[in-house]
Amino acid sequence: MSTLTPFPDMAPVPRILVDVPVAEFPAGSVTVSLTRTSEGRTMQVRGGQRLPATSPAIVIDAEAGFGIESAYTVLGHDASGAIIGSWPIGSAVLSFDQVVIQQPLDPRLAVVVAKLSGTGAELVRETPGEPAWPQGSALPGVIALGPRRGLDGVELELMVDSHEAADILQASLGTYERRQLPIWLIRTPPGRRLPAVFFCHVPRLREKDELIQLGLTRVLYSAVVTETKPPAAGITAAVLTHSDMKVFFATHTQVKALYATHSDVKRDMSLIGAASA
């Protein structure tokens with residue numbers, strides 16, 4: 001039976017461990033993929049695309065919304081990639097009451113932020129179309145109606161309370177030496193009008209460093225962003241790294257002595273982040 005296990009901590013981000021046994025894959029599957037549905041939207045689960053159907057699908061969903069129901073489905077593909085069936089595997093709620101910003105392709109670049117009152121105070125969605133007045137008509141028709149677009153020109157006003165957090169937030173968009181996509185994933189708890197799972201293009205980020213009093217700093221950020229599609233759902237940085245494993249194990253033999261299968265290693269959340277602890 002499939003299991004969905006929420007982990008509401010920053011290791012490196014709040015997440016849900018999705019564990020689907022082979023027995024629940026659609027019959028005839030050569031590969032399988034996972035989707036998540038919440039707030040009326042269905043998205044591919046990052047890192048859960050076109051997995052071999054010969055072993056369990058064990059995926060860390062680091063993009064699930066906070067405080068809302070996330071329903072998961074496994075899709076089966078044939079050898080050509082065509083979908084041959086689907087099966088709902090359950091739902092879970094990831095409870096986390098803070099705002100997290102992360103780089104979608106590398107959830108290790110993530111930070112908790114305070115979202116100030118100006119963030120998302122005005123939300124604009126455009127529906128493309130041009131009114132046209134047929135000859136002799138008092139009212140126009142609309143040409144090229146829709147579809148309605150995502151949010152555009154969203155103002156963000158954010159704050160972090162340390163230079164360390166500020167460095168991570170800046171690194172999430174890239175540094176002098178390491179490039180990143182100029183895209184953020186912003187996840188917020190319920191009660192705010194922004195989507196709970198909000199991907200956005202960040203073309204320009206403004207930072208203001210303030211010294212409140214001796215030893216106490218806050219760094220303010222502002223940006224105007226546009227909602228985007230989630231980038232490349234098949235790509236993600238490894239959350240569990242070889243360096244993490246080396247903290248606990250000197251040899252592969254030691255790993256095999258404790259874990260019966262590679263799947264069992266992937267299920268052990270206590271290993272994640274050990275190298276950076």
# chains A, B, ... in the order shown; residues from 1 in each chain; ligands from 1
call {"tool": "select_by_dssp", "arguments": {"residues": "segment 22-264 of chain A", "states": "strand (DSSP E)", "output": "PDB file with C-alpha atoms, in the first residue's frame"}}
result
ATOM      1  CA  THR A  31       7.862   3.603 -16.462  1.00  0.00           C
ATOM      2  CA  VAL A  32       5.732   5.572 -14.009  1.00  0.00           C
ATOM      3  CA  SER A  33       5.245   9.233 -13.068  1.00  0.00           C
ATOM      4  CA  LEU A  34       3.658  11.038 -10.141  1.00  0.00           C
ATOM      5  CA  THR A  35       1.303  14.027 -10.133  1.00  0.00           C
ATOM      6  CA  ARG A  36      -0.002  16.175  -7.276  1.00  0.00           C
ATOM      7  CA  THR A  37      -3.392  17.924  -7.282  1.00  0.00           C
ATOM      8  CA  SER A  38      -4.175  20.777  -4.890  1.00  0.00           C
ATOM      9  CA  ARG A  41      -4.411  22.423 -10.088  1.00  0.00           C
ATOM     10  CA  THR A  42      -2.470  19.327 -11.126  1.00  0.00           C
ATOM     11  CA  MET A  43       1.320  19.461 -11.314  1.00  0.00           C
ATOM     12  CA  GLN A  44       4.031  16.933 -12.016  1.00  0.00           C
ATOM     13  CA  LEU A  51      10.784   6.250 -13.150  1.00  0.00           C
ATOM     14  CA  PRO A  52      11.447   2.545 -13.906  1.00  0.00           C
ATOM     15  CA  ALA A  57       8.580   4.893  -6.704  1.00  0.00           C
ATOM     16  CA  ILE A  58      10.102   6.674  -3.706  1.00  0.00           C
ATOM     17  CA  VAL A  59      10.123  10.433  -4.208  1.00  0.00           C
ATOM     18  CA  ILE A  60      10.606  13.404  -1.915  1.00  0.00           C
ATOM     19  CA  ASP A  61       8.017  15.987  -2.939  1.00  0.00           C
ATOM     20  CA  GLU A  69      -4.682  18.738   0.860  1.00  0.00           C
ATOM     21  CA  SER A  70      -2.268  17.310  -1.711  1.00  0.00           C
ATOM     22  CA  ALA A  71      -3.712  14.357  -3.658  1.00  0.00           C
ATOM     23  CA  TYR A  72      -1.294  12.104  -5.527  1.00  0.00           C
ATOM     24  CA  THR A  73      -1.756   9.942  -8.621  1.00  0.00           C
ATOM     25  CA  VAL A  74       0.619   7.467 -10.251  1.00  0.00           C
ATOM     26  CA  LEU A  75       0.619   7.351 -14.059  1.00  0.00           C
ATOM     27  CA  GLY A  76       1.821   4.355 -16.041  1.00  0.00           C
ATOM     28  CA  HIS A  77       3.685   4.741 -19.353  1.00  0.00           C
ATOM     29  CA  ILE A  83       0.112   6.985 -20.686  1.00  0.00           C
ATOM     30  CA  ILE A  84      -1.614   3.609 -20.346  1.00  0.00           C
ATOM     31  CA  GLY A  85      -3.342   4.085 -16.996  1.00  0.00           C
ATOM     32  CA  SER A  86      -3.479   5.990 -13.722  1.00  0.00           C
ATOM     33  CA  TRP A  87      -4.250   5.212 -10.108  1.00  0.00           C
ATOM     34  CA  PRO A  88      -4.959   7.564  -7.158  1.00  0.00           C
ATOM     35  CA  ILE A  89      -2.654   6.719  -4.277  1.00  0.00           C
ATOM     36  CA  GLY A  90      -4.019   8.989  -1.532  1.00  0.00           C
ATOM     37  CA  SER A  91      -3.651  12.467  -0.095  1.00  0.00           C
ATOM     38  CA  ALA A  92      -1.779  14.201   2.709  1.00  0.00           C
ATOM     39  CA  VAL A  93      -1.521  17.610   4.376  1.00  0.00           C
ATOM     40  CA  VAL A  99       6.749  31.170   4.251  1.00  0.00           C
ATOM     41  CA  VAL A 100       9.510  29.324   2.401  1.00  0.00           C
ATOM     42  CA  ILE A 101      11.328  30.478  -0.740  1.00  0.00           C
ATOM     43  CA  GLN A 102      13.442  27.972  -2.633  1.00  0.00           C
ATOM     44  CA  GLN A 103      15.226  27.423  -5.917  1.00  0.00           C
ATOM     45  CA  ASP A 106      17.861  22.790  -5.881  1.00  0.00           C
ATOM     46  CA  PRO A 107      15.715  22.739  -2.709  1.00  0.00           C
ATOM     47  CA  ARG A 108      18.884  22.979  -0.623  1.00  0.00           C
ATOM     48  CA  LEU A 109      18.869  26.671  -1.569  1.00  0.00           C
ATOM     49  CA  ALA A 110      15.900  27.564   0.607  1.00  0.00           C
ATOM     50  CA  VAL A 111      15.115  29.988   3.400  1.00  0.00           C
ATOM     51  CA  VAL A 112      12.230  30.929   5.689  1.00  0.00           C
ATOM     52  CA  VAL A 113      11.174  34.538   5.097  1.00  0.00           C
ATOM     53  CA  ALA A 114       8.747  37.001   6.640  1.00  0.00           C
ATOM     54  CA  LYS A 115       6.268  38.131   4.013  1.00  0.00           C
ATOM     55  CA  GLU A 130      -9.593  42.088 -28.661  1.00  0.00           C
ATOM     56  CA  PRO A 131     -13.080  43.566 -28.945  1.00  0.00           C
ATOM     57  CA  ALA A 132     -14.323  43.878 -32.531  1.00  0.00           C
ATOM     58  CA  GLY A 141     -17.555  40.490 -30.068  1.00  0.00           C
ATOM     59  CA  VAL A 142     -14.206  39.291 -28.709  1.00  0.00           C
ATOM     60  CA  ILE A 143     -11.499  37.847 -30.960  1.00  0.00           C
ATOM     61  CA  VAL A 154       3.088  40.726  -8.368  1.00  0.00           C
ATOM     62  CA  GLU A 155       4.886  42.898  -5.816  1.00  0.00           C
ATOM     63  CA  LEU A 156       6.932  41.048  -3.195  1.00  0.00           C
ATOM     64  CA  GLU A 157       8.087  42.617   0.081  1.00  0.00           C
ATOM     65  CA  LEU A 158      10.096  40.182   2.170  1.00  0.00           C
ATOM     66  CA  MET A 159      12.386  40.136   5.188  1.00  0.00           C
ATOM     67  CA  VAL A 160      15.005  37.832   6.700  1.00  0.00           C
ATOM     68  CA  ILE A 183      12.823  31.466 -10.734  1.00  0.00           C
ATOM     69  CA  TRP A 184      11.574  31.103  -7.188  1.00  0.00           C
ATOM     70  CA  LEU A 185       9.101  28.711  -5.664  1.00  0.00           C
ATOM     71  CA  ILE A 186       7.245  30.531  -2.881  1.00  0.00           C
ATOM     72  CA  ARG A 187       5.120  28.391  -0.550  1.00  0.00           C
ATOM     73  CA  VAL A 197       2.498  26.836  -4.615  1.00  0.00           C
ATOM     74  CA  PHE A 198       3.695  29.896  -6.541  1.00  0.00           C
ATOM     75  CA  PHE A 199       6.456  29.711  -9.151  1.00  0.00           C
ATOM     76  CA  CYS A 200       7.627  33.092 -10.367  1.00  0.00           C
ATOM     77  CA  HIS A 201      10.248  34.783 -12.529  1.00  0.00           C
ATOM     78  CA  ARG A 206      16.335  44.731  -4.499  1.00  0.00           C
ATOM     79  CA  GLU A 207      18.042  44.269  -1.118  1.00  0.00           C
ATOM     80  CA  LYS A 208      18.207  46.720   1.780  1.00  0.00           C
ATOM     81  CA  ASP A 209      20.333  45.886   4.814  1.00  0.00           C
ATOM     82  CA  GLU A 210      19.204  47.491   8.083  1.00  0.00           C
ATOM     83  CA  LEU A 211      20.949  47.494  11.449  1.00  0.00           C
ATOM     84  CA  ILE A 212      18.183  47.626  14.059  1.00  0.00           C
ATOM     85  CA  GLN A 213      20.494  47.627  17.073  1.00  0.00           C
ATOM     86  CA  LEU A 216      20.410  42.596  15.493  1.00  0.00           C
ATOM     87  CA  THR A 217      20.018  42.867  11.729  1.00  0.00           C
ATOM     88  CA  ARG A 218      17.217  42.582   9.250  1.00  0.00           C
ATOM     89  CA  VAL A 219      17.501  42.449   5.479  1.00  0.00           C
ATOM     90  CA  LEU A 220      14.584  43.647   3.360  1.00  0.00           C
ATOM     91  CA  TYR A 221      13.835  42.528  -0.188  1.00  0.00           C
ATOM     92  CA  SER A 222      11.492  43.751  -2.870  1.00  0.00           C
ATOM     93  CA  ALA A 223      10.770  42.512  -6.389  1.00  0.00           C
ATOM     94  CA  VAL A 224       8.073  42.538  -9.048  1.00  0.00           C
ATOM     95  CA  VAL A 225       7.514  39.033 -10.387  1.00  0.00           C
ATOM     96  CA  THR A 226       5.468  37.108 -12.951  1.00  0.00           C
ATOM     97  CA  GLU A 227       3.942  33.681 -12.370  1.00  0.00           C
TER      98      GLU A 227
END
call {"tool": "residues_around", "arguments": {"residues": "segment 14-22 of chain A", "least_positions_apart": "5", "cutoff": "8 Å", "atoms": "only C-alpha atoms", "output": "list in words"}}
result
Met1, Ser2, Thr3, Leu4, Thr5, Pro6, Phe7, Pro8, Asp9, Ala53, Thr54, Ser55, Pro56, Ala57, Ile58, Val59, Ile60, Asp61, Ala62, Glu63, Ala64, Ile89, Leu94, Phe96 and Arg267 of chain A
call {"tool": "write_last_selection", "arguments": {"atoms": "C-alpha atoms", "output": "short mmCIF file (atom, residue, chain, number, x, y, z; two decimals), in the first residue's frame"}}
result
data_model
loop_
_atom_site.label_atom_id
_atom_site.label_comp_id
_atom_site.auth_asym_id
_atom_site.auth_seq_id
_atom_site.Cartn_x
_atom_site.Cartn_y
_atom_site.Cartn_z
CA MET A 1 0.00 0.00 0.00
CA SER A 2 1.26 3.50 -0.85
CA THR A 3 2.34 5.78 2.01
CA LEU A 4 2.48 9.57 2.13
CA THR A 5 4.57 10.90 5.02
CA PRO A 6 4.76 14.67 5.71
CA PHE A 7 8.00 16.09 7.14
CA PRO A 8 7.25 19.66 8.34
CA ASP A 9 10.86 20.74 8.94
CA ALA A 53 8.48 0.35 -13.04
CA THR A 54 10.75 -2.41 -11.77
CA SER A 55 11.15 -0.90 -8.28
CA PRO A 56 9.05 1.21 -5.90
CA ALA A 57 8.58 4.89 -6.70
CA ILE A 58 10.10 6.67 -3.71
CA VAL A 59 10.12 10.43 -4.21
CA ILE A 60 10.61 13.40 -1.92
CA ASP A 61 8.02 15.99 -2.94
CA ALA A 62 9.68 19.23 -1.88
CA GLU A 63 7.03 21.42 -3.53
CA ALA A 64 3.77 20.42 -1.81
CA ILE A 89 -2.65 6.72 -4.28
CA LEU A 94 1.87 19.22 4.98
CA PHE A 96 3.90 24.39 8.12
CA ARG A 267 13.15 6.11 2.81
#
call {"tool": "select_by_dssp", "arguments": {"residues": "segment 12-259 of chain A", "states": "helix (DSSP H, G or I)", "output": "PyMOL selection string"}}
result
chain A and resi 22-24+163-171+242-248+252-258
call {"tool": "atom_distance", "arguments": {"atom1": "atom CA of Ala121 of chain A", "atom2": "atom CA of Ser162 of chain A"}}
result
25.4 Å
call {"tool": "closest_residue", "arguments": {"among": "A:Ala165, A:Ile68, A:Leu205, A:Ala82", "to": "Pro189 of chain A", "atoms": "only C-alpha atoms"}}
result
A:Ile68
call {"tool": "atom_distance", "arguments": {"atom1": "atom CA of Gly120 of chain A", "atom2": "atom CA of Ala196 of chain A"}}
result
12.3 Å
call {"tool": "closest_residue", "arguments": {"among": "A:Val45, A:Val13, A:Leu169, A:Ala79", "to": "Gln98 of chain A", "atoms": "only C-alpha atoms"}}
result
A:Val13
